[in-house]
$ cat input10.cif   # mmCIF, C-alpha atoms and all ligand atoms
data_input
#
loop_
_atom_site.group_PDB
_atom_site.id
_atom_site.type_symbol
_atom_site.label_atom_id
_atom_site.label_comp_id
_atom_site.auth_asym_id
_atom_site.auth_seq_id
_atom_site.Cartn_x
_atom_site.Cartn_y
_atom_site.Cartn_z
ATOM 1 C CA ARG A 5 0.000 0.000 0.000
ATOM 2 C CA ALA A 6 2.756 2.377 0.973
ATOM 3 C CA LYS A 7 4.466 1.580 -2.316
ATOM 4 C CA SER A 8 1.543 2.483 -4.517
ATOM 5 C CA GLU A 9 0.923 5.616 -2.475
ATOM 6 C CA GLY A 10 4.559 6.544 -2.994
ATOM 7 C CA ARG A 11 4.240 6.191 -6.737
ATOM 8 C CA GLY A 12 1.051 8.216 -6.708
ATOM 9 C CA THR A 13 2.735 10.964 -4.725
ATOM 10 C CA HIS A 14 5.681 10.900 -7.108
ATOM 11 C CA ARG A 15 3.440 11.276 -10.115
ATOM 12 C CA PHE A 16 1.554 14.020 -8.345
ATOM 13 C CA PHE A 17 4.785 15.925 -7.723
ATOM 14 C CA GLU A 18 5.829 15.537 -11.347
ATOM 15 C CA ALA A 19 2.506 16.882 -12.510
ATOM 16 C CA GLU A 20 2.778 19.745 -10.072
ATOM 17 C CA MET A 21 6.338 20.510 -11.226
ATOM 18 C CA ASP A 22 5.146 20.530 -14.821
ATOM 19 C CA THR A 23 2.395 22.967 -13.983
ATOM 20 C CA ARG A 24 4.797 25.157 -12.071
ATOM 21 C CA MET A 25 7.314 25.144 -14.935
ATOM 22 C CA GLN A 26 4.586 25.846 -17.432
ATOM 23 C CA ARG A 27 3.428 28.780 -15.335
ATOM 24 C CA ARG A 28 7.007 30.016 -15.158
ATOM 25 C CA ARG A 29 7.535 29.737 -18.904
ATOM 26 C CA MET A 30 4.260 31.480 -19.506
ATOM 27 C CA LEU A 31 5.151 34.217 -17.043
ATOM 28 C CA GLU A 32 8.486 34.686 -18.771
ATOM 29 C CA VAL A 33 6.874 35.197 -22.169
ATOM 30 C CA GLU A 34 4.310 37.491 -20.616
ATOM 31 C CA LEU A 35 6.995 39.441 -18.769
ATOM 32 C CA ARG A 36 8.609 40.265 -22.121
ATOM 33 C CA THR A 37 5.232 41.442 -23.398
ATOM 34 C CA ALA A 38 4.675 43.438 -20.226
ATOM 35 C CA VAL A 39 7.851 45.416 -20.873
ATOM 36 C CA ALA A 40 6.773 46.216 -24.425
ATOM 37 C CA MET A 41 3.138 46.890 -23.499
ATOM 38 C CA ARG A 42 3.936 49.016 -20.452
ATOM 39 C CA GLN A 43 1.896 46.945 -18.027
ATOM 40 C CA PHE A 44 3.894 48.156 -15.041
ATOM 41 C CA HIS A 45 3.157 51.026 -12.713
ATOM 42 C CA LEU A 46 4.647 52.382 -9.532
ATOM 43 C CA LEU A 47 3.109 52.902 -6.133
ATOM 44 C CA TYR A 48 4.710 55.216 -3.598
ATOM 45 C CA GLN A 49 5.030 54.507 0.121
ATOM 46 C CA PRO A 50 5.612 57.461 2.458
ATOM 47 C CA LEU A 51 8.662 57.847 4.630
ATOM 48 C CA LEU A 52 8.116 59.684 7.926
ATOM 49 C CA ALA A 53 10.872 61.612 9.726
ATOM 50 C CA LEU A 54 10.489 61.234 13.486
ATOM 51 C CA ASP A 55 12.173 64.511 14.451
ATOM 52 C CA SER A 56 9.632 66.632 12.545
ATOM 53 C CA ASP A 57 6.773 64.132 12.102
ATOM 54 C CA ALA A 58 6.761 65.155 8.434
ATOM 55 C CA VAL A 59 6.572 62.963 5.362
ATOM 56 C CA ILE A 60 9.968 63.602 3.796
ATOM 57 C CA GLY A 61 9.921 61.167 0.918
ATOM 58 C CA PHE A 62 8.531 58.094 -0.788
ATOM 59 C CA GLU A 63 9.751 54.667 -1.868
ATOM 60 C CA ALA A 64 8.745 53.598 -5.373
ATOM 61 C CA LEU A 65 7.359 50.042 -5.481
ATOM 62 C CA ILE A 66 6.626 48.312 -8.771
ATOM 63 C CA ARG A 67 3.345 46.626 -9.662
ATOM 64 C CA TRP A 68 2.459 44.522 -12.690
ATOM 65 C CA SER A 69 -1.150 44.657 -13.826
ATOM 66 C CA HIS A 70 -1.569 41.572 -15.934
ATOM 67 C CA PRO A 71 -4.443 41.913 -18.424
ATOM 68 C CA GLU A 72 -6.035 38.597 -17.347
ATOM 69 C CA ARG A 73 -4.487 37.663 -14.053
ATOM 70 C CA GLY A 74 -4.708 41.017 -12.362
ATOM 71 C CA LEU A 75 -2.064 42.410 -10.063
ATOM 72 C CA ILE A 76 1.102 40.299 -9.755
ATOM 73 C CA SER A 77 3.360 41.054 -6.794
ATOM 74 C CA PRO A 78 7.038 41.919 -7.252
ATOM 75 C CA ALA A 79 7.911 38.984 -4.972
ATOM 76 C CA GLU A 80 6.659 36.752 -7.780
ATOM 77 C CA PHE A 81 8.036 38.405 -10.911
ATOM 78 C CA ILE A 82 11.257 40.143 -9.803
ATOM 79 C CA PRO A 83 13.128 36.828 -9.314
ATOM 80 C CA LEU A 84 12.066 35.733 -12.813
ATOM 81 C CA ALA A 85 13.011 39.119 -14.238
ATOM 82 C CA GLU A 86 16.427 38.703 -12.596
ATOM 83 C CA GLU A 87 16.995 35.205 -14.023
ATOM 84 C CA THR A 88 16.081 36.311 -17.520
ATOM 85 C CA GLY A 89 17.998 39.589 -17.339
ATOM 86 C CA LEU A 90 14.794 41.513 -18.059
ATOM 87 C CA ILE A 91 15.261 43.281 -14.723
ATOM 88 C CA VAL A 92 17.814 45.589 -16.332
ATOM 89 C CA GLN A 93 15.223 46.995 -18.734
ATOM 90 C CA ILE A 94 12.443 46.983 -16.136
ATOM 91 C CA GLY A 95 14.730 48.636 -13.600
ATOM 92 C CA GLU A 96 15.650 51.398 -16.039
ATOM 93 C CA TRP A 97 11.979 52.065 -16.575
ATOM 94 C CA VAL A 98 11.463 52.229 -12.778
ATOM 95 C CA LEU A 99 14.324 54.719 -12.437
ATOM 96 C CA ARG A 100 13.066 56.974 -15.214
ATOM 97 C CA GLU A 101 9.441 56.837 -14.057
ATOM 98 C CA ALA A 102 10.237 57.414 -10.361
ATOM 99 C CA CYS A 103 12.575 60.330 -11.129
ATOM 100 C CA ARG A 104 10.063 61.909 -13.495
ATOM 101 C CA GLU A 105 7.295 61.620 -10.915
ATOM 102 C CA ALA A 106 9.446 62.997 -8.083
ATOM 103 C CA ALA A 107 10.520 65.952 -10.220
ATOM 104 C CA SER A 108 6.834 66.951 -10.448
ATOM 105 C CA TRP A 109 6.375 67.226 -6.668
ATOM 106 C CA GLN A 110 6.222 70.697 -5.170
ATOM 107 C CA GLN A 111 8.539 69.674 -2.317
ATOM 108 C CA PRO A 112 12.094 68.477 -2.975
ATOM 109 C CA ALA A 113 11.338 65.206 -1.168
ATOM 110 C CA ILE A 114 13.365 62.011 -1.222
ATOM 111 C CA ILE A 115 12.588 59.405 -3.856
ATOM 112 C CA ALA A 116 13.811 55.907 -2.994
ATOM 113 C CA VAL A 117 14.243 53.285 -5.721
ATOM 114 C CA ASN A 118 15.056 49.595 -5.232
ATOM 115 C CA LEU A 119 17.928 48.197 -7.292
ATOM 116 C CA SER A 120 18.207 44.486 -7.948
ATOM 117 C CA PRO A 121 21.655 42.888 -7.489
ATOM 118 C CA VAL A 122 21.564 41.964 -11.186
ATOM 119 C CA GLN A 123 21.032 45.622 -12.051
ATOM 120 C CA VAL A 124 23.871 46.762 -9.796
ATOM 121 C CA ARG A 125 26.208 44.308 -11.530
ATOM 122 C CA SER A 126 25.052 45.323 -15.025
ATOM 123 C CA PRO A 127 27.591 47.548 -16.803
ATOM 124 C CA GLY A 128 25.201 50.409 -17.618
ATOM 125 C CA ILE A 129 23.869 51.058 -14.125
ATOM 126 C CA VAL A 130 25.736 54.285 -13.324
ATOM 127 C CA GLU A 131 24.808 55.795 -16.679
ATOM 128 C CA ALA A 132 21.180 54.630 -16.251
ATOM 129 C CA VAL A 133 20.920 56.480 -12.926
ATOM 130 C CA ARG A 134 22.662 59.582 -14.249
ATOM 131 C CA SER A 135 20.480 59.786 -17.339
ATOM 132 C CA ALA A 136 17.228 59.106 -15.439
ATOM 133 C CA CYS A 137 17.970 62.107 -13.203
ATOM 134 C CA ALA A 138 19.074 64.279 -16.104
ATOM 135 C CA ALA A 139 16.025 63.434 -18.246
ATOM 136 C CA ALA A 140 13.678 64.203 -15.352
ATOM 137 C CA GLY A 141 15.553 67.299 -14.216
ATOM 138 C CA LEU A 142 15.844 65.691 -10.777
ATOM 139 C CA ASP A 143 18.667 66.643 -8.430
ATOM 140 C CA PRO A 144 20.432 63.293 -7.820
ATOM 141 C CA ARG A 145 20.791 64.289 -4.176
ATOM 142 C CA ARG A 146 17.083 63.556 -3.814
ATOM 143 C CA LEU A 147 17.575 59.991 -4.978
ATOM 144 C CA GLU A 148 18.132 57.079 -2.611
ATOM 145 C CA LEU A 149 19.088 53.727 -4.089
ATOM 146 C CA GLU A 150 18.113 50.716 -1.987
ATOM 147 C CA ILE A 151 20.198 47.592 -2.265
ATOM 148 C CA THR A 152 20.137 44.381 -0.251
ATOM 149 C CA GLU A 153 23.067 42.582 1.295
ATOM 150 C CA SER A 154 22.919 39.944 -1.445
ATOM 151 C CA VAL A 155 24.427 42.561 -3.796
ATOM 152 C CA LEU A 156 27.607 42.426 -1.776
ATOM 153 C CA LEU A 157 28.035 38.650 -1.759
ATOM 154 C CA THR A 158 29.853 38.504 -5.105
ATOM 155 C CA ASP A 159 32.321 40.671 -7.034
ATOM 156 C CA THR A 160 32.772 42.820 -4.001
ATOM 157 C CA ASP A 161 35.469 45.175 -5.309
ATOM 158 C CA GLU A 162 33.647 45.818 -8.558
ATOM 159 C CA THR A 163 30.375 46.334 -6.669
ATOM 160 C CA PHE A 164 31.974 48.785 -4.274
ATOM 161 C CA ARG A 165 33.377 50.777 -7.193
ATOM 162 C CA THR A 166 29.882 50.920 -8.699
ATOM 163 C CA LEU A 167 28.369 52.076 -5.418
ATOM 164 C CA GLN A 168 31.076 54.726 -5.073
ATOM 165 C CA ALA A 169 30.339 55.941 -8.608
ATOM 166 C CA LEU A 170 26.618 56.176 -7.782
ATOM 167 C CA LYS A 171 27.462 58.180 -4.681
ATOM 168 C CA ALA A 172 29.716 60.414 -6.741
ATOM 169 C CA LEU A 173 26.649 61.339 -8.814
ATOM 170 C CA GLY A 174 25.083 62.620 -5.598
ATOM 171 C CA ALA A 175 22.721 59.696 -4.930
ATOM 172 C CA ARG A 176 22.587 58.062 -1.504
ATOM 173 C CA ILE A 177 22.848 54.343 -0.912
ATOM 174 C CA SER A 178 20.617 52.516 1.565
ATOM 175 C CA MET A 179 21.024 49.004 2.823
ATOM 176 C CA ASP A 180 17.550 47.481 2.580
ATOM 177 C CA ASP A 181 16.101 44.609 4.636
ATOM 178 C CA PHE A 182 18.970 44.837 7.107
ATOM 179 C CA GLY A 183 19.307 41.806 9.326
ATOM 180 C CA THR A 184 17.970 39.220 6.900
ATOM 181 C CA GLY A 185 21.218 38.438 5.021
ATOM 182 C CA TYR A 186 24.768 37.449 5.963
ATOM 183 C CA SER A 187 27.826 39.227 7.361
ATOM 184 C CA SER A 188 26.032 42.531 7.587
ATOM 185 C CA LEU A 189 28.558 44.011 9.968
ATOM 186 C CA SER A 190 31.620 43.607 7.766
ATOM 187 C CA TYR A 191 29.751 45.228 4.864
ATOM 188 C CA LEU A 192 28.784 48.155 7.046
ATOM 189 C CA ARG A 193 32.442 48.640 7.868
ATOM 190 C CA ARG A 194 33.653 48.307 4.277
ATOM 191 C CA PHE A 195 31.093 50.460 2.531
ATOM 192 C CA PRO A 196 29.814 53.865 3.689
ATOM 193 C CA PHE A 197 26.054 53.324 3.452
ATOM 194 C CA ASP A 198 24.037 56.459 4.008
ATOM 195 C CA LYS A 199 21.051 54.675 5.463
ATOM 196 C CA ILE A 200 20.185 51.376 6.989
ATOM 197 C CA LYS A 201 16.648 50.045 6.755
ATOM 198 C CA ILE A 202 15.863 47.544 9.479
ATOM 199 C CA ASP A 203 13.773 44.689 8.136
ATOM 200 C CA ARG A 204 10.096 44.433 8.901
ATOM 201 C CA SER A 205 10.520 40.963 10.413
ATOM 202 C CA PHE A 206 12.123 42.482 13.535
ATOM 203 C CA VAL A 207 9.249 44.890 14.031
ATOM 204 C CA THR A 208 6.339 42.481 13.795
ATOM 205 C CA ASP A 209 6.710 41.140 17.331
ATOM 206 C CA LEU A 210 8.498 44.050 19.010
ATOM 207 C CA ALA A 211 6.012 44.198 21.849
ATOM 208 C CA GLU A 212 6.064 40.479 22.744
ATOM 209 C CA ASP A 213 9.566 39.467 21.757
ATOM 210 C CA ALA A 214 12.429 40.778 23.897
ATOM 211 C CA GLU A 215 15.046 39.520 21.389
ATOM 212 C CA SER A 216 13.553 41.458 18.470
ATOM 213 C CA ALA A 217 13.327 44.549 20.644
ATOM 214 C CA ALA A 218 16.966 44.162 21.669
ATOM 215 C CA ILE A 219 18.089 43.715 18.046
ATOM 216 C CA VAL A 220 16.146 46.728 16.796
ATOM 217 C CA GLY A 221 17.547 48.882 19.597
ATOM 218 C CA ALA A 222 21.099 47.680 18.990
ATOM 219 C CA VAL A 223 20.943 48.198 15.211
ATOM 220 C CA ILE A 224 19.568 51.719 15.625
ATOM 221 C CA GLY A 225 22.480 52.444 17.967
ATOM 222 C CA LEU A 226 24.974 50.873 15.585
ATOM 223 C CA GLY A 227 23.656 52.839 12.608
ATOM 224 C CA LYS A 228 23.795 56.073 14.578
ATOM 225 C CA SER A 229 27.333 55.489 15.782
ATOM 226 C CA LEU A 230 28.439 54.830 12.196
ATOM 227 C CA GLY A 231 26.814 58.087 11.085
ATOM 228 C CA MET A 232 24.010 56.442 9.121
ATOM 229 C CA VAL A 233 20.357 57.368 9.022
ATOM 230 C CA THR A 234 18.258 54.577 10.496
ATOM 231 C CA THR A 235 14.841 53.625 9.125
ATOM 232 C CA VAL A 236 12.528 50.985 10.485
ATOM 233 C CA GLU A 237 10.276 49.259 7.944
ATOM 234 C CA GLY A 238 6.874 47.694 8.464
ATOM 235 C CA VAL A 239 5.581 49.838 11.327
ATOM 236 C CA GLU A 240 1.908 48.924 11.630
ATOM 237 C CA THR A 241 0.898 49.915 15.174
ATOM 238 C CA ALA A 242 1.186 52.967 17.397
ATOM 239 C CA GLY A 243 2.962 50.772 19.942
ATOM 240 C CA GLN A 244 5.671 49.843 17.442
ATOM 241 C CA LEU A 245 6.078 53.482 16.473
ATOM 242 C CA ALA A 246 6.437 54.578 20.109
ATOM 243 C CA HIS A 247 8.982 51.830 20.671
ATOM 244 C CA VAL A 248 11.289 52.709 17.771
ATOM 245 C CA ARG A 249 10.899 56.426 18.473
ATOM 246 C CA ALA A 250 12.058 55.880 22.049
ATOM 247 C CA ARG A 251 15.078 53.984 20.695
ATOM 248 C CA GLY A 252 16.151 57.003 18.661
ATOM 249 C CA CYS A 253 15.218 55.749 15.202
ATOM 250 C CA ASP A 254 15.318 58.543 12.570
ATOM 251 C CA GLN A 255 12.628 57.502 10.102
ATOM 252 C CA VAL A 256 9.835 54.962 9.729
ATOM 253 C CA GLN A 257 7.844 53.390 6.951
ATOM 254 C CA GLY A 258 4.822 51.141 7.287
ATOM 255 C CA TYR A 259 1.081 50.762 6.943
ATOM 256 C CA LEU A 260 0.549 52.941 10.053
ATOM 257 C CA ILE A 261 2.016 55.918 8.199
ATOM 258 C CA GLY A 262 0.722 54.969 4.780
ATOM 259 C CA ARG A 263 0.357 52.061 2.392
ATOM 260 C CA PRO A 264 1.974 52.191 -1.040
ATOM 261 C CA MET A 265 -0.274 54.620 -2.955
ATOM 262 C CA PRO A 266 -0.814 55.787 -6.533
ATOM 263 C CA ALA A 267 1.151 58.805 -7.745
ATOM 264 C CA GLU A 268 -1.985 60.985 -7.696
ATOM 265 C CA GLN A 269 -2.212 60.769 -3.892
ATOM 266 C CA VAL A 270 1.407 61.614 -3.144
ATOM 267 C CA GLN A 271 1.213 65.405 -3.388
ATOM 268 C CA ARG A 272 -1.861 65.626 -1.140
ATOM 269 C CA LEU A 273 -0.257 63.482 1.552
ATOM 270 C CA MET A 274 2.854 65.639 1.517
ATOM 271 C CA ASP A 275 0.799 68.824 1.808
ATOM 272 C CA ASP A 276 -1.169 67.332 4.752
ATOM 273 C CA LYS A 277 1.829 65.955 6.568
ATOM 274 C CA GLU A 278 4.308 68.767 6.222
ATOM 275 C CA ALA A 279 6.175 69.862 9.315
ATOM 276 C CA ALA A 280 4.107 72.441 11.201
HETATM 277 P P1 LIG A 301 11.201 46.316 0.053
HETATM 278 O O1 LIG A 301 12.031 47.208 -0.789
HETATM 279 O O2 LIG A 301 11.757 45.920 1.371
HETATM 280 O O3 LIG A 301 9.817 47.058 0.201
HETATM 281 C C1 LIG A 301 9.007 46.974 1.334
HETATM 282 C C2 LIG A 301 7.876 45.996 1.133
HETATM 283 O O4 LIG A 301 7.143 45.889 2.360
HETATM 284 C C3 LIG A 301 6.833 46.445 0.097
HETATM 285 O O5 LIG A 301 6.278 45.265 -0.481
HETATM 286 C C4 LIG A 301 5.804 47.159 0.951
HETATM 287 O O6 LIG A 301 4.535 47.208 0.341
HETATM 288 C C5 LIG A 301 5.801 46.267 2.163
HETATM 289 N N1 LIG A 301 5.378 46.989 3.371
HETATM 290 C C6 LIG A 301 5.626 48.271 3.698
HETATM 291 N N2 LIG A 301 5.106 48.583 4.899
HETATM 292 C C7 LIG A 301 4.517 47.462 5.365
HETATM 293 C C8 LIG A 301 3.791 47.158 6.583
HETATM 294 O O7 LIG A 301 3.595 47.977 7.477
HETATM 295 N N3 LIG A 301 3.344 45.872 6.708
HETATM 296 C C9 LIG A 301 3.539 44.925 5.749
HETATM 297 N N4 LIG A 301 3.038 43.718 5.964
HETATM 298 N N5 LIG A 301 4.205 45.184 4.587
HETATM 299 C C10 LIG A 301 4.697 46.440 4.408
HETATM 300 P P2 LIG A 301 6.139 45.115 -2.057
HETATM 301 O O8 LIG A 301 5.706 46.414 -2.658
HETATM 302 O O9 LIG A 301 5.311 43.892 -2.317
HETATM 303 O O10 LIG A 301 7.619 44.858 -2.536
HETATM 304 C C11 LIG A 301 8.298 43.707 -2.115
HETATM 305 C C12 LIG A 301 9.750 43.762 -2.531
HETATM 306 O O11 LIG A 301 9.869 43.733 -3.959
HETATM 307 C C13 LIG A 301 10.448 45.043 -2.091
HETATM 308 O O12 LIG A 301 10.853 44.952 -0.744
HETATM 309 C C14 LIG A 301 11.612 45.079 -3.060
HETATM 310 O O13 LIG A 301 12.644 44.241 -2.608
HETATM 311 C C15 LIG A 301 11.009 44.463 -4.308
HETATM 312 N N6 LIG A 301 10.655 45.560 -5.247
HETATM 313 C C16 LIG A 301 9.562 46.362 -5.271
HETATM 314 N N7 LIG A 301 9.643 47.258 -6.285
HETATM 315 C C17 LIG A 301 10.831 47.022 -6.903
HETATM 316 C C18 LIG A 301 11.508 47.622 -8.020
HETATM 317 O O14 LIG A 301 11.054 48.593 -8.639
HETATM 318 N N8 LIG A 301 12.723 47.090 -8.370
HETATM 319 C C19 LIG A 301 13.272 46.048 -7.684
HETATM 320 N N9 LIG A 301 14.462 45.563 -8.082
HETATM 321 N N10 LIG A 301 12.674 45.458 -6.618
HETATM 322 C C20 LIG A 301 11.464 45.946 -6.240
HETATM 323 MG MG MG A 302 13.098 48.831 -0.465
HETATM 324 MG MG MG A 303 12.929 46.488 2.785
HETATM 325 MG MG MG A 304 11.689 43.599 1.786
#

$ encode --input "input10.cif" --output "structure tokens"
Amino acid sequence: RAKSEGRGTHRFFEAEMDTRMQRRRMLEVELRTAVAMRQFHLLYQPLLALDSDAVIGFEALIRWSHPERGLISPAEFIPLAEETGLIVQIGEWVLREACREAASWQQPAIIAVNLSPVQVRSPGIVEAVRSACAAAGLDPRRLELEITESVLLTDTDETFRTLQALKALGARISMDDFGTGYSSLSYLRRFPFDKIKIDRSFVTDLAEDAESAAIVGAVIGLGKSLGMVTTVEGVETAGQLAHVRARGCDQVQGYLIGRPMPAEQVQRLMDDKEAA
């Protein structure tokens, strides 16, 4: 009995694998179409400064509206875009679009853009950032480029030269999702990040979990002592906000402050939440 069940399970897995690979192949073809057909758009999530309680910027977050399947999350298509190299083209579109949008705001607020490791390692990245700012008429000093630790795992010298060149343009470099990767501390010592964004996973159970609270407090202190701006991501409750504020965190992002929103709502939010 066990034997036949085993075979059945095996066949089931094969069928499931087939379906998954078919879905992947289909997604890949559709991703190429999406680039050509401009099926992407950006949402903007506010960034709150805790010294002034003002919204001082926004992070651009990509969305794919598939004509039949509806909204597809970046968690699903970014990895595929990275494997196929399409992320370079998609990422250039994100840069141009985000810079153009930010240049239209009445306040010279920060615009944060996520860069994939594949993009950072692609030869045209510095020129792509420079030309996106130039085309939009955006001061590069308003641009923050968010990278994750995984960028730094390979080709470290080359990567550091690229990051230095991006900084030389005037852009700032943030380490995103801090605490989820490897060897974070040695990277912080080797490369002068401007900002460190503490991952949402540490915030979720701040109130109940003494370890998470200790880590968040320690990383805020570490960031400060290294001269970096500290941001906490994923703040959803007033309790979490009070906690990170008391620990001396500089900025927060999260559903409590605002969900990622369409470009049309950005200006109004900034007008409402300007420093008094
Ligand atoms: P990320 O850069 O760490 O962005 C933060 C993610 O957390 C966003 O998910 C945001 O919607 C979500 N988030 C923010 N506040 C809260 C909160 O209070 N609670 C919860 N539960 N979630 C919150 P999203 O938009 O699905 O993006 C996921 C990831 O996809 C991003 O993580 C980023 O790594 C990547 N991504 C998004 N847009 C781009 C892009 O244009 N280019 C590249 N290369 N990656 C992107
Ligand atoms: Mg980010
Ligand atoms: Mg993050
Ligand atoms: Mg993340």

$ atom_distance --input "input10.cif" --atom1 "CA of Asp203 in chain A" --atom2 "CA of Gly231 in chain A"
18.9 Å

$ residues_around --input "input10.cif" --residues "Met274 in chain A" --least-positions-apart "3" --cutoff "10 Å" --atoms "only C-alpha atoms" --output "list in words"
Pro50, Ala58, Val59, Ile60, Gly61, Phe62, Trp109, Gln110, Gln111, Ala113, Gln269, Val270, Gln271, Lys277, Glu278 and Ala279 of chain A

$ residues_near_ligand --input "input10.cif" --ligand "ligand MG 304 (chain A)" --cutoff "8 Å" --atoms "only C-alpha atoms and all ligand atoms" --output "PyMOL selection string"
chain A and resi 180-181+203-204

$ atom_distance --input "input10.cif" --atom1 "atom C16 of ligand LIG 301 (chain A)" --atom2 "CA of Pro78 in chain A"
5.5 Å

$ closest_residue --input "input10.cif" --among "A:Met25, A:Leu51, A:Leu157, A:Ala136" --to "Tyr259 in chain A" --atoms "only C-alpha atoms"
A:Leu51

$ closest_atom_pairs --input "input10.cif" --of "chain A" --to "ligand MG 302 (chain A)" --cutoff "10 Å" --atoms "all atoms listed in the file" --output "tab-separated table"
residue	atom	partner	partner_atom	distance
A:Gln49	CA	A:MG302	MG	9.9
A:Glu63	CA	A:MG302	MG	6.9
A:Ala64	CA	A:MG302	MG	8.1
A:Leu65	CA	A:MG302	MG	7.7
A:Ala116	CA	A:MG302	MG	7.5
A:Val117	CA	A:MG302	MG	7.0
A:Asn118	CA	A:MG302	MG	5.2
A:Leu119	CA	A:MG302	MG	8.4
A:Glu148	CA	A:MG302	MG	9.9
A:Leu149	CA	A:MG302	MG	8.5
A:Glu150	CA	A:MG302	MG	5.6
A:Ile151	CA	A:MG302	MG	7.4
A:Thr152	CA	A:MG302	MG	8.3
A:Ser178	CA	A:MG302	MG	8.6
A:Met179	CA	A:MG302	MG	8.6
A:Asp180	CA	A:MG302	MG	5.6
A:Asp181	CA	A:MG302	MG	7.3
A:Lys201	CA	A:MG302	MG	8.1
A:Asp203	CA	A:MG302	MG	9.6
A:Glu237	CA	A:MG302	MG	8.9
